[in-house]
$ cat input_39.cif   # mmCIF, C-alpha atoms
data_structure
loop_
_atom_site.label_atom_id
_atom_site.label_comp_id
_atom_site.auth_asym_id
_atom_site.auth_seq_id
_atom_site.Cartn_x
_atom_site.Cartn_y
_atom_site.Cartn_z
CA MET C 1 42.53 90.76 126.76
CA THR C 2 44.08 89.08 129.80
CA GLY C 3 47.38 87.55 130.88
CA GLU C 4 50.95 88.71 130.54
CA VAL C 5 50.45 90.37 127.14
CA ALA C 6 47.72 92.53 128.65
CA LEU C 7 50.08 93.56 131.45
CA LEU C 8 52.78 94.49 128.94
CA ALA C 9 50.29 96.48 126.87
CA GLU C 10 48.99 98.32 129.94
CA PHE C 11 52.57 99.18 130.87
CA VAL C 12 53.31 100.54 127.40
CA ALA C 13 50.18 102.68 127.33
CA ARG C 14 50.16 103.96 130.90
CA ALA C 15 53.59 103.71 132.58
CA ALA C 16 55.18 106.88 133.95
CA PRO C 17 58.97 106.63 133.47
CA PRO C 18 61.03 108.15 136.28
CA PRO C 19 63.30 111.15 135.62
CA ALA C 20 66.42 108.95 135.58
CA ALA C 21 64.92 106.83 132.80
CA ARG C 22 64.08 109.90 130.74
CA ALA C 23 67.61 111.21 131.22
CA ARG C 24 69.10 107.95 129.90
CA ALA C 25 66.71 108.05 126.96
CA ALA C 26 67.63 111.65 126.15
CA ALA C 27 71.32 110.75 126.05
CA ALA C 28 70.55 107.80 123.78
CA VAL C 29 68.50 109.95 121.39
CA ARG C 30 71.30 112.52 121.21
CA ASP C 31 73.93 109.89 120.46
CA THR C 32 71.77 108.03 117.94
CA LEU C 33 70.84 111.10 115.92
CA GLY C 34 74.55 111.80 115.57
CA VAL C 35 75.19 108.27 114.36
CA MET C 36 72.24 108.61 112.00
CA LEU C 37 73.83 111.72 110.48
CA ALA C 38 77.03 109.77 109.90
CA GLY C 39 75.26 106.78 108.42
CA ALA C 40 73.07 108.81 106.07
CA ILE C 41 75.78 108.87 103.38
CA GLU C 42 76.54 105.14 103.51
CA PRO C 43 75.59 103.04 100.44
CA ALA C 44 73.01 101.00 102.36
CA ALA C 45 71.29 104.15 103.59
CA CYS C 46 71.46 105.86 100.19
CA ALA C 47 69.80 102.92 98.44
CA VAL C 48 66.93 102.81 100.93
CA ARG C 49 66.54 106.59 100.86
CA ALA C 50 66.20 106.50 97.06
CA MET C 51 63.32 104.05 97.42
CA ALA C 52 61.77 106.13 100.18
CA VAL C 53 61.77 109.21 97.96
CA ASP C 54 60.49 107.36 94.91
CA GLU C 55 57.73 105.42 96.63
CA GLY C 56 56.81 107.42 99.72
CA ARG C 57 55.14 110.79 100.17
CA GLY C 58 54.82 112.66 103.43
CA PRO C 59 56.23 115.19 105.88
CA CYS C 60 58.75 113.06 107.76
CA ALA C 61 62.48 113.79 107.54
CA VAL C 62 65.15 111.42 106.37
CA VAL C 63 67.78 112.66 108.79
CA GLY C 64 70.90 114.22 107.30
CA THR C 65 69.35 114.61 103.84
CA PRO C 66 66.94 116.95 102.05
CA ALA C 67 64.40 114.14 101.66
CA ARG C 68 60.90 114.07 103.13
CA THR C 69 58.69 111.02 102.87
CA GLY C 70 55.96 109.03 104.56
CA ALA C 71 56.34 108.00 108.19
CA SER C 72 56.99 104.30 107.59
CA TRP C 73 59.51 105.03 104.83
CA ALA C 74 61.27 107.57 107.06
CA ALA C 75 61.43 105.00 109.86
CA LEU C 76 62.97 102.49 107.44
CA ALA C 77 65.51 104.92 106.00
CA ASN C 78 66.53 106.39 109.36
CA GLY C 79 66.80 102.94 110.91
CA VAL C 80 69.19 101.81 108.19
CA ALA C 81 71.26 104.99 108.58
CA ALA C 82 71.39 104.57 112.36
CA HIS C 83 72.85 101.07 112.07
CA ALA C 84 74.83 101.41 108.83
CA LEU C 85 78.16 102.06 110.59
CA ASP C 86 77.62 99.80 113.62
CA PHE C 87 78.31 102.88 115.74
CA ASP C 88 74.92 102.89 117.50
CA ASP C 89 74.30 101.84 121.10
CA MET C 90 73.50 98.37 122.43
CA CYS C 91 71.93 96.64 125.41
CA PHE C 92 73.26 93.57 127.21
CA VAL C 93 69.79 92.52 128.42
CA SER C 94 67.98 92.43 125.09
CA LEU C 95 71.22 91.65 123.23
CA ALA C 96 69.97 94.16 120.67
CA HIS C 97 70.97 97.55 119.37
CA PRO C 98 67.93 99.32 120.83
CA SER C 99 68.02 102.89 119.58
CA CYS C 100 68.41 102.18 115.86
CA ALA C 101 64.88 100.73 115.78
CA LEU C 102 63.18 102.51 118.68
CA LEU C 103 64.13 106.06 117.75
CA PRO C 104 63.30 106.04 114.00
CA ALA C 105 59.87 104.57 114.71
CA ALA C 106 59.10 106.98 117.55
CA PHE C 107 60.62 109.99 115.78
CA ALA C 108 58.51 109.53 112.64
CA ALA C 109 55.38 109.14 114.77
CA ALA C 110 56.35 112.23 116.76
CA GLU C 111 56.72 114.27 113.58
CA LEU C 112 53.24 113.27 112.48
CA ALA C 113 51.74 114.18 115.83
CA HIS C 114 53.89 117.27 116.48
CA ALA C 115 54.56 115.66 119.85
CA SER C 116 56.77 117.02 122.59
CA GLY C 117 60.26 115.89 123.49
CA ALA C 118 58.99 114.53 126.81
CA THR C 119 56.46 112.36 124.96
CA LEU C 120 59.20 111.05 122.67
CA LEU C 121 61.34 110.14 125.66
CA ASP C 122 58.51 108.28 127.38
CA ALA C 123 57.87 106.33 124.18
CA TYR C 124 61.55 105.45 123.92
CA VAL C 125 61.68 104.26 127.54
CA VAL C 126 58.68 101.93 127.34
CA GLY C 127 59.94 100.50 124.05
CA PHE C 128 63.35 99.91 125.60
CA GLU C 129 61.80 98.18 128.59
CA ILE C 130 59.69 95.89 126.40
CA GLU C 131 62.84 94.89 124.50
CA CYS C 132 64.60 94.10 127.77
CA ARG C 133 61.66 92.05 129.06
CA LEU C 134 61.63 89.99 125.88
CA GLY C 135 65.40 89.65 126.10
CA ILE C 136 65.11 88.20 129.61
CA VAL C 137 62.62 85.63 128.36
CA MET C 138 64.12 84.78 124.96
CA ASN C 139 67.88 84.92 125.46
CA PRO C 140 70.50 83.56 125.41
CA ARG C 141 69.13 80.71 123.29
CA HIS C 142 67.30 82.93 120.80
CA TYR C 143 70.39 84.98 119.98
CA HIS C 144 73.35 82.86 120.96
CA GLU C 145 72.29 79.44 119.70
CA ARG C 146 69.66 79.89 117.01
CA GLY C 147 71.00 82.68 114.83
CA TRP C 148 68.29 85.29 115.37
CA HIS C 149 69.41 88.92 115.29
CA CYS C 150 67.71 90.55 118.28
CA THR C 151 68.02 94.05 116.85
CA SER C 152 65.45 92.97 114.30
CA THR C 153 63.38 90.33 116.10
CA ILE C 154 63.03 91.83 119.58
CA GLY C 155 63.58 95.29 118.10
CA THR C 156 60.42 95.06 115.97
CA VAL C 157 58.25 94.49 119.04
CA GLY C 158 60.07 97.22 120.95
CA ALA C 159 59.55 99.66 118.09
CA ALA C 160 55.86 98.77 118.02
CA ALA C 161 55.65 99.55 121.72
CA ALA C 162 57.40 102.90 121.27
CA ALA C 163 55.20 103.84 118.32
CA ALA C 164 52.05 102.74 120.15
CA ARG C 165 52.91 105.02 123.06
CA MET C 166 53.79 107.83 120.68
CA LEU C 167 50.46 107.53 118.89
CA GLY C 168 48.47 107.34 122.12
CA LEU C 169 47.06 103.85 121.61
CA THR C 170 44.81 102.29 124.26
CA PRO C 171 46.05 99.20 126.11
CA GLN C 172 43.82 97.02 123.92
CA GLU C 173 45.15 98.62 120.72
CA THR C 174 48.69 98.35 122.05
CA ALA C 175 48.29 94.63 122.65
CA HIS C 176 47.22 94.23 119.03
CA ALA C 177 50.20 96.32 117.87
CA LEU C 178 52.55 94.00 119.76
CA GLY C 179 50.84 90.99 118.19
CA ILE C 180 51.07 92.40 114.67
CA ALA C 181 54.75 93.18 115.29
CA ALA C 182 55.37 89.61 116.41
CA SER C 183 54.41 88.41 112.94
CA SER C 184 56.68 91.04 111.37
CA ALA C 185 59.81 90.14 113.34
CA CYS C 186 62.77 88.56 111.60
CA GLY C 187 66.50 89.02 111.11
CA LEU C 188 69.27 86.46 110.63
CA LYS C 189 72.76 86.74 112.06
CA GLU C 190 74.07 85.08 108.92
CA ASN C 191 73.77 88.54 107.36
CA LEU C 192 76.11 90.21 109.85
CA GLY C 193 78.83 92.02 107.95
CA SER C 194 76.60 92.67 104.96
CA MET C 195 74.30 95.51 103.91
CA VAL C 196 71.37 93.49 105.23
CA LYS C 197 72.42 93.97 108.86
CA PRO C 198 71.48 97.68 108.93
CA LEU C 199 68.38 96.80 106.93
CA HIS C 200 67.35 94.71 109.95
CA ALA C 201 67.19 97.89 112.04
CA GLY C 202 65.27 99.78 109.39
CA MET C 203 62.75 96.96 108.94
CA ALA C 204 62.28 96.72 112.70
CA ALA C 205 61.56 100.47 112.90
CA ARG C 206 59.20 100.43 109.92
CA ASN C 207 57.38 97.23 110.90
CA GLY C 208 56.99 98.43 114.47
CA LEU C 209 55.51 101.74 113.36
CA VAL C 210 53.21 100.10 110.81
CA SER C 211 52.03 97.64 113.48
CA ALA C 212 51.00 100.53 115.73
CA GLN C 213 49.37 102.43 112.85
CA LEU C 214 47.35 99.37 111.85
CA ALA C 215 46.28 98.70 115.43
CA ARG C 216 45.07 102.30 115.70
CA ARG C 217 42.87 101.63 112.66
CA GLY C 218 41.28 98.59 114.30
CA TYR C 219 43.57 95.83 113.03
CA ALA C 220 43.44 92.92 115.47
CA ALA C 221 46.00 90.22 116.22
CA SER C 222 45.71 86.98 118.14
CA GLU C 223 45.78 87.48 121.89
CA ARG C 224 48.52 84.83 122.03
CA SER C 225 50.75 86.19 119.24
CA LEU C 226 53.66 86.49 121.66
CA ASP C 227 53.21 83.54 124.01
CA GLY C 228 50.84 81.10 122.32
CA PRO C 229 51.82 77.54 121.37
CA GLN C 230 52.77 78.84 117.92
CA GLY C 231 53.60 82.39 118.95
CA LEU C 232 56.81 84.40 118.97
CA LEU C 233 58.43 82.64 121.92
CA ALA C 234 57.80 79.17 120.56
CA ALA C 235 58.55 79.89 116.91
CA MET C 236 61.80 81.72 117.69
CA ASP C 237 62.97 79.18 120.25
CA ALA C 238 62.97 81.41 123.30
CA GLN C 239 64.87 80.37 126.40
CA HIS C 240 61.59 80.38 128.37
CA SER C 241 58.16 79.38 127.11
CA THR C 242 56.08 81.97 128.98
CA LEU C 243 56.17 85.72 129.64
CA GLU C 244 56.04 85.34 133.41
CA ARG C 245 59.58 86.63 133.88
CA ALA C 246 58.78 89.63 131.70
CA VAL C 247 56.07 91.10 133.92
CA VAL C 248 57.12 90.37 137.52
CA ASP C 249 58.34 93.88 138.35
CA LEU C 250 57.01 96.15 135.64
CA GLU C 251 57.19 99.81 136.61
CA SER C 252 59.11 99.07 139.81
CA HIS C 253 62.31 98.01 138.04
CA TRP C 254 63.61 99.99 135.05
CA GLU C 255 66.33 98.25 133.05
CA ILE C 256 67.30 101.48 131.33
CA VAL C 257 68.33 102.81 134.76
CA THR C 258 69.80 99.72 136.43
CA THR C 259 71.48 98.07 133.45
CA GLY C 260 71.83 101.09 131.23
CA ILE C 261 72.71 101.59 127.61
CA THR C 262 76.10 100.80 126.14
CA VAL C 263 77.43 103.65 124.01
CA LYS C 264 79.91 102.73 121.31
CA LEU C 265 83.14 104.68 121.00
CA TYR C 266 84.32 102.60 118.02
CA PRO C 267 82.24 102.01 114.83
CA SER C 268 82.61 98.23 114.87
CA CYS C 269 80.94 95.20 116.40
CA ALA C 270 80.81 95.50 120.19
CA ALA C 271 82.63 92.18 120.48
CA THR C 272 85.79 93.98 119.33
CA HIS C 273 85.60 96.87 121.79
CA PRO C 274 87.20 95.44 124.96
CA THR C 275 90.10 94.15 122.87
CA ILE C 276 90.50 97.46 121.03
CA ASP C 277 90.64 99.24 124.39
CA VAL C 278 93.36 96.92 125.67
CA LEU C 279 95.44 97.15 122.48
CA LEU C 280 95.26 100.96 122.39
CA ASP C 281 96.30 101.11 126.05
CA LEU C 282 99.20 98.70 125.48
CA ARG C 283 100.31 100.61 122.40
CA ARG C 284 100.44 103.88 124.34
CA ARG C 285 101.95 102.46 127.51
CA GLU C 286 104.65 100.36 125.83
CA ARG C 287 105.17 102.69 122.84
CA ILE C 288 104.61 99.80 120.45
CA VAL C 289 104.93 100.20 116.70
CA ALA C 290 103.41 97.74 114.25
CA GLU C 291 106.76 96.52 112.95
CA ALA C 292 107.70 95.35 116.45
CA VAL C 293 104.77 92.93 116.79
CA GLU C 294 105.35 89.22 116.32
CA ALA C 295 102.02 87.82 117.57
CA ILE C 296 98.79 89.00 119.19
CA GLU C 297 96.82 86.36 121.09
CA ILE C 298 93.29 87.31 122.15
CA GLU C 299 91.10 85.34 124.56
CA VAL C 300 87.34 85.98 124.48
CA ASP C 301 84.00 84.42 125.44
CA ALA C 302 82.23 81.83 123.31
CA MET C 303 79.79 84.30 121.75
CA THR C 304 82.49 86.51 120.25
CA PRO C 305 83.71 84.12 117.49
CA ARG C 306 80.12 83.64 116.36
CA LEU C 307 79.94 87.36 115.62
CA LEU C 308 83.47 88.08 114.39
CA ILE C 309 83.33 85.76 111.41
CA TYR C 310 85.78 87.45 109.03
CA ASP C 311 89.47 86.63 109.40
CA ARG C 312 90.41 88.37 106.14
CA PRO C 313 87.73 91.00 105.49
CA ALA C 314 87.26 92.24 101.93
CA THR C 315 84.93 95.17 102.69
CA GLY C 316 84.49 97.78 105.37
CA LEU C 317 81.34 96.07 106.62
CA GLU C 318 83.23 92.80 106.98
CA GLY C 319 86.06 94.65 108.71
CA LYS C 320 83.68 95.68 111.48
CA PHE C 321 83.20 91.98 112.22
CA SER C 322 86.86 91.00 112.06
CA MET C 323 88.99 90.76 115.18
CA PRO C 324 92.25 90.50 113.17
CA PHE C 325 91.46 93.67 111.25
CA CYS C 326 90.28 95.73 114.23
CA ALA C 327 93.31 94.61 116.23
CA ALA C 328 95.67 95.46 113.37
CA ALA C 329 94.08 98.88 112.86
CA ALA C 330 94.39 99.67 116.57
CA ILE C 331 98.11 98.90 116.52
CA VAL C 332 98.91 100.53 113.16
CA ASP C 333 96.91 103.73 113.67
CA GLY C 334 96.51 104.08 117.41
CA GLU C 335 92.79 104.65 116.88
CA VAL C 336 89.69 103.02 115.43
CA GLY C 337 87.32 105.55 113.90
CA LEU C 338 84.99 106.17 111.02
CA ALA C 339 87.84 106.34 108.48
CA THR C 340 89.33 103.04 109.69
CA PHE C 341 86.92 101.03 107.54
CA ASP C 342 87.49 102.88 104.28
CA LEU C 343 88.55 100.24 101.77
CA GLU C 344 91.70 102.12 100.80
CA ARG C 345 92.85 102.24 104.42
CA MET C 346 92.01 98.58 104.94
CA GLN C 347 94.27 97.57 102.07
CA ARG C 348 97.45 99.17 103.40
CA PRO C 349 100.50 96.85 103.56
CA ALA C 350 101.01 97.56 107.27
CA ILE C 351 97.51 96.23 108.01
CA HIS C 352 97.95 93.14 105.85
CA ALA C 353 101.26 92.37 107.50
CA LEU C 354 99.64 92.25 110.93
CA LEU C 355 96.52 90.24 110.08
CA PRO C 356 98.24 86.81 110.18
CA THR C 357 99.77 87.57 113.58
CA VAL C 358 96.35 87.83 115.29
CA THR C 359 94.75 84.72 116.78
CA MET C 360 91.56 84.45 118.82
CA ARG C 361 90.49 81.64 121.13
CA VAL C 362 87.74 81.06 123.67
CA ASP C 363 88.34 81.08 127.41
CA PRO C 364 85.36 79.20 128.92
CA ALA C 365 85.75 81.16 132.17
CA PHE C 366 84.55 84.29 130.39
CA ASP C 367 81.19 82.64 129.65
CA ARG C 368 80.28 83.02 133.31
CA GLU C 369 80.37 86.80 132.88
CA ALA C 370 78.35 89.24 130.77
CA PRO C 371 78.70 88.43 127.04
CA LEU C 372 81.10 90.44 124.86
CA SER C 373 82.66 92.12 127.87
CA HIS C 374 85.85 90.25 128.82
CA THR C 375 89.13 89.90 126.97
CA ARG C 376 92.72 88.99 127.69
CA VAL C 377 95.44 90.05 125.25
CA THR C 378 98.99 88.69 125.06
CA MET C 379 101.28 90.50 122.64
CA ARG C 380 104.67 89.04 121.74
CA LEU C 381 107.23 91.49 120.39
CA ARG C 382 110.18 90.79 118.14
CA ASP C 383 112.64 91.95 120.80
CA GLY C 384 111.51 89.11 123.07
CA ARG C 385 109.21 91.10 125.31
CA VAL C 386 105.72 89.82 126.17
CA VAL C 387 103.11 92.39 127.20
CA THR C 388 99.63 91.56 128.44
CA GLY C 389 96.39 93.33 129.23
CA SER C 390 92.79 92.49 130.07
CA ALA C 391 89.43 94.23 130.25
CA ALA C 392 86.06 93.63 131.90
CA GLY C 393 83.97 95.82 129.63
CA ALA C 394 84.99 98.58 127.29
CA ARG C 395 84.91 102.34 127.50
CA GLY C 396 81.31 103.40 126.90
CA TYR C 397 79.85 100.41 128.74
CA PRO C 398 77.53 101.33 131.66
CA ALA C 399 80.21 100.49 134.21
CA ARG C 400 82.74 102.67 132.34
CA PRO C 401 80.53 105.44 130.88
CA ALA C 402 81.81 107.72 128.18
CA SER C 403 82.65 111.24 129.31
CA ASP C 404 80.71 114.28 128.15
CA GLU C 405 83.75 115.27 126.09
CA GLU C 406 83.89 111.86 124.39
CA LEU C 407 80.19 112.00 123.57
CA ALA C 408 80.41 115.52 122.19
CA ALA C 409 83.45 114.60 120.08
CA LYS C 410 81.67 111.53 118.72
CA PHE C 411 78.58 113.56 117.79
CA ALA C 412 80.67 116.21 116.04
CA ALA C 413 82.66 113.62 114.07
CA CYS C 414 79.48 111.85 113.01
CA ALA C 415 77.41 114.92 112.21
CA ARG C 416 79.97 116.60 109.97
CA ARG C 417 79.54 113.82 107.41
CA SER C 418 76.08 115.26 106.61
CA ILE C 419 75.80 118.80 107.98
CA PRO C 420 78.23 121.72 108.52
CA PRO C 421 80.08 121.96 111.87
CA GLU C 422 78.12 125.01 112.99
CA ALA C 423 74.84 123.20 112.31
CA ALA C 424 76.12 120.19 114.23
CA ALA C 425 76.95 122.42 117.19
CA ARG C 426 73.44 123.92 117.14
CA ALA C 427 71.89 120.47 116.98
CA TRP C 428 74.01 119.21 119.90
CA THR C 429 72.94 122.16 122.02
CA ALA C 430 69.27 121.82 121.11
CA LEU C 431 69.27 118.11 121.86
CA GLY C 432 70.55 118.89 125.34
CA GLY C 433 67.11 120.41 126.00
CA LEU C 434 65.09 117.66 124.34
CA GLU C 435 62.82 116.97 127.31
CA GLY C 436 61.53 120.56 127.30
CA MET C 437 61.09 120.74 123.52
CA PRO C 438 57.42 121.47 122.66
CA ASP C 439 57.50 119.99 119.15
CA VAL C 440 59.96 117.31 118.07
CA ALA C 441 59.28 118.16 114.42
CA THR C 442 61.40 121.29 114.86
CA LEU C 443 64.41 119.02 115.27
CA ALA C 444 64.16 117.98 111.64
CA ASP C 445 65.47 121.32 110.34
CA LEU C 446 68.48 121.12 112.67
CA LEU C 447 69.34 117.70 111.29
CA THR C 448 68.98 118.61 107.63
CA PRO C 449 71.51 120.14 105.21
CA ALA C 450 70.98 123.86 104.69
CA VAL C 451 70.02 123.36 101.03
CA ALA C 452 66.93 121.47 102.15
CA ARG C 453 65.80 124.23 104.50
CA VAL C 454 65.87 126.74 101.62
CA SER C 455 63.87 124.59 99.21
#

$ encode --input "input_39.cif" --output "structure tokens"
Amino acid sequence: MTGEVALLAEFVARAAPPPAARARAAAAVRDTLGVMLAGAIEPAACAVRAMAVDEGRGPCAVVGTPARTGASWAALANGVAAHALDFDDMCFVSLAHPSCALLPAAFAAAELAHASGATLLDAYVVGFEIECRLGIVMNPRHYHERGWHCTSTIGTVGAAAAAARMLGLTPQETAHALGIAASSACGLKENLGSMVKPLHAGMAARNGLVSAQLARRGYAASERSLDGPQGLLAAMDAQHSTLERAVVDLESHWEIVTTGITVKLYPSCAATHPTIDVLLDLRRRERIVAEAVEAIEIEVDAMTPRLLIYDRPATGLEGKFSMPFCAAAAIVDGEVGLATFDLERMQRPAIHALLPTVTMRVDPAFDREAPLSHTRVTMRLRDGRVVTGSAAGARGYPARPASDEELAAKFAACARRSIPPEAAARAWTALGGLEGMPDVATLADLLTPAVARVS
């Protein structure tokens, strides 16, 4: 096999990530396992877990639950749980949520192989880099204009890369795994705000892992599955028609280090985060109460309204994609957390009173900057005052990284939805030493309710 696909496959199979890349990956794994514990009890995750238990058999953990199942079913279930709350990390190069597909695929493969933490981290890094390289080639048209959800489309190929590295595939086998994954990639943004959105992550994890498992068994794909005249780039209307931009500086430039991973501090669409930050800051600084607000005007980039499609959300999932609701919750409660999107809390009169006061419009100047990063808020108060604020990125973005205290607090809040606080503390500590862990499978017990460890 020759050409750019061969170069990508060689990178996946042989690249040696630098220590800084492994460190970023370790932080992402720690954060994502916490989010997975929180999402394990969500309806979307519970439905998929029930299928995984009924139809799958095997040794792989469904994180946060007593269930064990086959590797591909575990990847599916854990992927759904990781994305069920929209609290998982994201990447501004791939325009995907990377960890919710990469980690479940790699983790299930690691359990099968009893692989080390260092091996898991290397698999994560190469999968992340493949996603970024495809993002450079395919976006913004693929995501912004055509309605593809990169977490699922690009994420499937990234998960295949991570699983291929985890399973020790040769470059030739890896190329086939990427090609099989290309025919498994899908995911429509029309389903944002529904239970199908987290299913996208789960399907990407499962399909990526299955692609690598099939390739290991000799399954062969077209050499041009990614970049042929009817391959992934062409069929999914990529910004560029070749993979040339994807391979120019492989192994000399690591996106995970230079661009980084965006950690979410609010369990809602990232497009809401800069605005939430500004509103919380204004509320504290000006001592604003909800009853004092007459109007909230929010200026954003052109991509944001395509994601925040619910003006009057009827469910918690819709609320995560509603600027009026997230803005109202920030002002009413002074926080946006896991409980914010409980239906009972969403239906409070104070929230409903504020929803009509929130308007959102596009400022074309913001389109020259990174997507989903800029906002300008003007709040008019009933006493005649006008207060304003703006943000270039939110807390948790690479330029404004979350503190160790914020990350620990997020993990604890997420984990206690599935495991006791003392178990969460042990898991947090153990994950701090992930790179030196000899067998990733030992993590499963730390991420499982005590009742399962007794059975």

$ atom_distance --input "input_39.cif" --atom1 "atom CA of C:Arg306" --atom2 "atom CA of C:Ser322"
10.9 Å

$ residues_around --input "input_39.cif" --residues "stretch 402-408 of chain C" --least-positions-apart "3" --cutoff "8 Å" --atoms "all atoms listed in the file" --output "ChimeraX atom specification"
/C:31,263,265,395-397,411-412,428

$ closest_atom_pairs --input "input_39.cif" --of "stretch 244-278 of chain C" --to "stretch 70-90 of chain C" --cutoff "12 Å" --atoms "all atoms listed in the file" --output "tab-separated table"
residue	atom	partner	partner_atom	distance
C:Ile256	CA	C:Met90	CA	11.3
C:Thr259	CA	C:Met90	CA	11.2
C:Gly260	CA	C:Met90	CA	9.4
C:Ile261	CA	C:Met90	CA	6.2
C:Thr262	CA	C:Met90	CA	5.1
C:Val263	CA	C:Asp89	CA	4.6
C:Lys264	CA	C:Asp89	CA	5.7
C:Leu265	CA	C:Phe87	CA	7.4
C:Tyr266	CA	C:Phe87	CA	6.4
C:Pro267	CA	C:Phe87	CA	4.1
C:Ser268	CA	C:Asp86	CA	5.4
C:Cys269	CA	C:Asp86	CA	6.3
C:Ala270	CA	C:Met90	CA	8.2
C:Ala271	CA	C:Met90	CA	11.2
C:Thr272	CA	C:Asp86	CA	11.5
C:His273	CA	C:Phe87	CA	11.2

$ write_last_selection --input "input_39.cif" --atoms "C-alpha atoms" --output "PDB file, in the coordinates of the input"
ATOM      1  CA  ILE C 256      67.300 101.480 131.330  1.00  0.00           C
ATOM      2  CA  THR C 259      71.480  98.070 133.450  1.00  0.00           C
ATOM      3  CA  GLY C 260      71.830 101.090 131.230  1.00  0.00           C
ATOM      4  CA  ILE C 261      72.710 101.590 127.610  1.00  0.00           C
ATOM      5  CA  THR C 262      76.100 100.800 126.140  1.00  0.00           C
ATOM      6  CA  VAL C 263      77.430 103.650 124.010  1.00  0.00           C
ATOM      7  CA  LYS C 264      79.910 102.730 121.310  1.00  0.00           C
ATOM      8  CA  LEU C 265      83.140 104.680 121.000  1.00  0.00           C
ATOM      9  CA  TYR C 266      84.320 102.600 118.020  1.00  0.00           C
ATOM     10  CA  PRO C 267      82.240 102.010 114.830  1.00  0.00           C
ATOM     11  CA  SER C 268      82.610  98.230 114.870  1.00  0.00           C
ATOM     12  CA  CYS C 269      80.940  95.200 116.400  1.00  0.00           C
ATOM     13  CA  ALA C 270      80.810  95.500 120.190  1.00  0.00           C
ATOM     14  CA  ALA C 271      82.630  92.180 120.480  1.00  0.00           C
ATOM     15  CA  THR C 272      85.790  93.980 119.330  1.00  0.00           C
ATOM     16  CA  HIS C 273      85.600  96.870 121.790  1.00  0.00           C
TER      17      HIS C 273
END

$ resolve_selection --input "input_39.cif" --expression "the PyMOL selection byres ((chain C and resi 149) around 8)" --output "ChimeraX atom specification"
/C:96,143,147-148,150-153,186-189

$ residues_around --input "input_39.cif" --residues "C:His352" --least-positions-apart "5" --cutoff "10 Å" --atoms "all atoms listed in the file" --output "PDB file with C-alpha atoms, in the frame of the given file"
ATOM      1  CA  ARG C 312      90.410  88.370 106.140  1.00  0.00           C
ATOM      2  CA  PRO C 324      92.250  90.500 113.170  1.00  0.00           C
ATOM      3  CA  PHE C 325      91.460  93.670 111.250  1.00  0.00           C
ATOM      4  CA  ALA C 328      95.670  95.460 113.370  1.00  0.00           C
ATOM      5  CA  ALA C 329      94.080  98.880 112.860  1.00  0.00           C
ATOM      6  CA  MET C 346      92.010  98.580 104.940  1.00  0.00           C
ATOM      7  CA  GLN C 347      94.270  97.570 102.070  1.00  0.00           C
ATOM      8  CA  THR C 357      99.770  87.570 113.580  1.00  0.00           C
TER       9      THR C 357
END

$ resolve_selection --input "input_39.cif" --expression "the PyMOL selection byres ((chain C and resi 162) around 6)" --output "PyMOL selection string"
chain C and resi 106+123-124+127+159-161+163-165

$ resolve_selection --input "input_39.cif" --expression "the PyMOL selection byres ((chain C and resi 125) around 7)" --output "list in words"
Pro17, Ala21, Arg22, Ala25, Leu121, Asp122, Ala123, Tyr124, Val126, Gly127, Phe128 and Glu129 of chain C

$ closest_residue --input "input_39.cif" --among "C:Pro43, C:Gly117, C:Gly316, C:Gly58" --to "C:Gly432" --atoms "all atoms listed in the file"
C:Gly117

$ closest_residue --input "input_39.cif" --among "C:Gly168, C:Gly135, C:Pro104, C:Gly179" --to "C:Phe92" --atoms "all atoms listed in the file"
C:Gly135

$ closest_residue --input "input_39.cif" --among "C:Glu190, C:Glu251, C:Asp301, C:Glu145" --to "C:Asp237" --atoms "all atoms listed in the file"
C:Glu145

$ residues_around --input "input_39.cif" --residues "C:Val53" --least-positions-apart "4" --cutoff "9 Å" --atoms "only C-alpha atoms" --output "MDAnalysis selection string"
chainID C and resid 48:49 57 67:70 73

$ residues_around --input "input_39.cif" --residues "C:Leu8" --least-positions-apart "6" --cutoff "9 Å" --atoms "all atoms listed in the file" --output "PyMOL selection string"
chain C and resi 130+171+174-175+246-247+250

$ residues_around --input "input_39.cif" --residues "C:Gly433" --least-positions-apart "2" --cutoff "12 Å" --atoms "all atoms listed in the file" --output "list of chain:residue names"
C:Arg22, C:Ala23, C:Ala26, C:Ala27, C:Val29, C:Arg30, C:Ser116, C:Gly117, C:Ala118, C:Leu121, C:Arg426, C:Ala427, C:Trp428, C:Thr429, C:Ala430, C:Leu431, C:Glu435, C:Gly436, C:Met437, C:Pro438, C:Asp439, C:Val440, C:Leu443

$ atom_distance --input "input_39.cif" --atom1 "atom CA of C:Asp445" --atom2 "atom CA of C:Gly64"
9.4 Å

$ closest_residue --input "input_39.cif" --among "C:Leu178, C:Ile154, C:Leu308, C:Val257" --to "C:Ser225" --atoms "only C-alpha atoms"
C:Leu178

$ closest_residue --input "input_39.cif" --among "C:His114, C:Thr170, C:Met323, C:Ala28" --to "C:Leu307" --atoms "only C-alpha atoms"
C:Met323

$ atom_distance --input "input_39.cif" --atom1 "atom CA of C:Glu299" --atom2 "atom CA of C:Val377"
6.4 Å

$ decode --input "input_39.cif" --residues "stretch 190-199 of chain C" --atoms "C-alpha atoms" --output "mmCIF file, in the first residue's frame"
data_model
loop_
_atom_site.group_PDB
_atom_site.id
_atom_site.type_symbol
_atom_site.label_atom_id
_atom_site.label_comp_id
_atom_site.auth_asym_id
_atom_site.auth_seq_id
_atom_site.Cartn_x
_atom_site.Cartn_y
_atom_site.Cartn_z
ATOM 1 C CA GLU C 190 -29.944 16.888 12.789
ATOM 2 C CA ASN C 191 -29.963 14.526 15.777
ATOM 3 C CA LEU C 192 -28.244 16.980 18.120
ATOM 4 C CA GLY C 193 -30.340 17.376 21.241
ATOM 5 C CA SER C 194 -31.733 13.856 20.993
ATOM 6 C CA MET C 195 -30.706 10.476 22.392
ATOM 7 C CA VAL C 196 -29.086 9.701 19.053
ATOM 8 C CA LYS C 197 -26.276 12.212 19.611
ATOM 9 C CA PRO C 198 -24.562 10.127 22.324
ATOM 10 C CA LEU C 199 -25.289 7.053 20.226
#
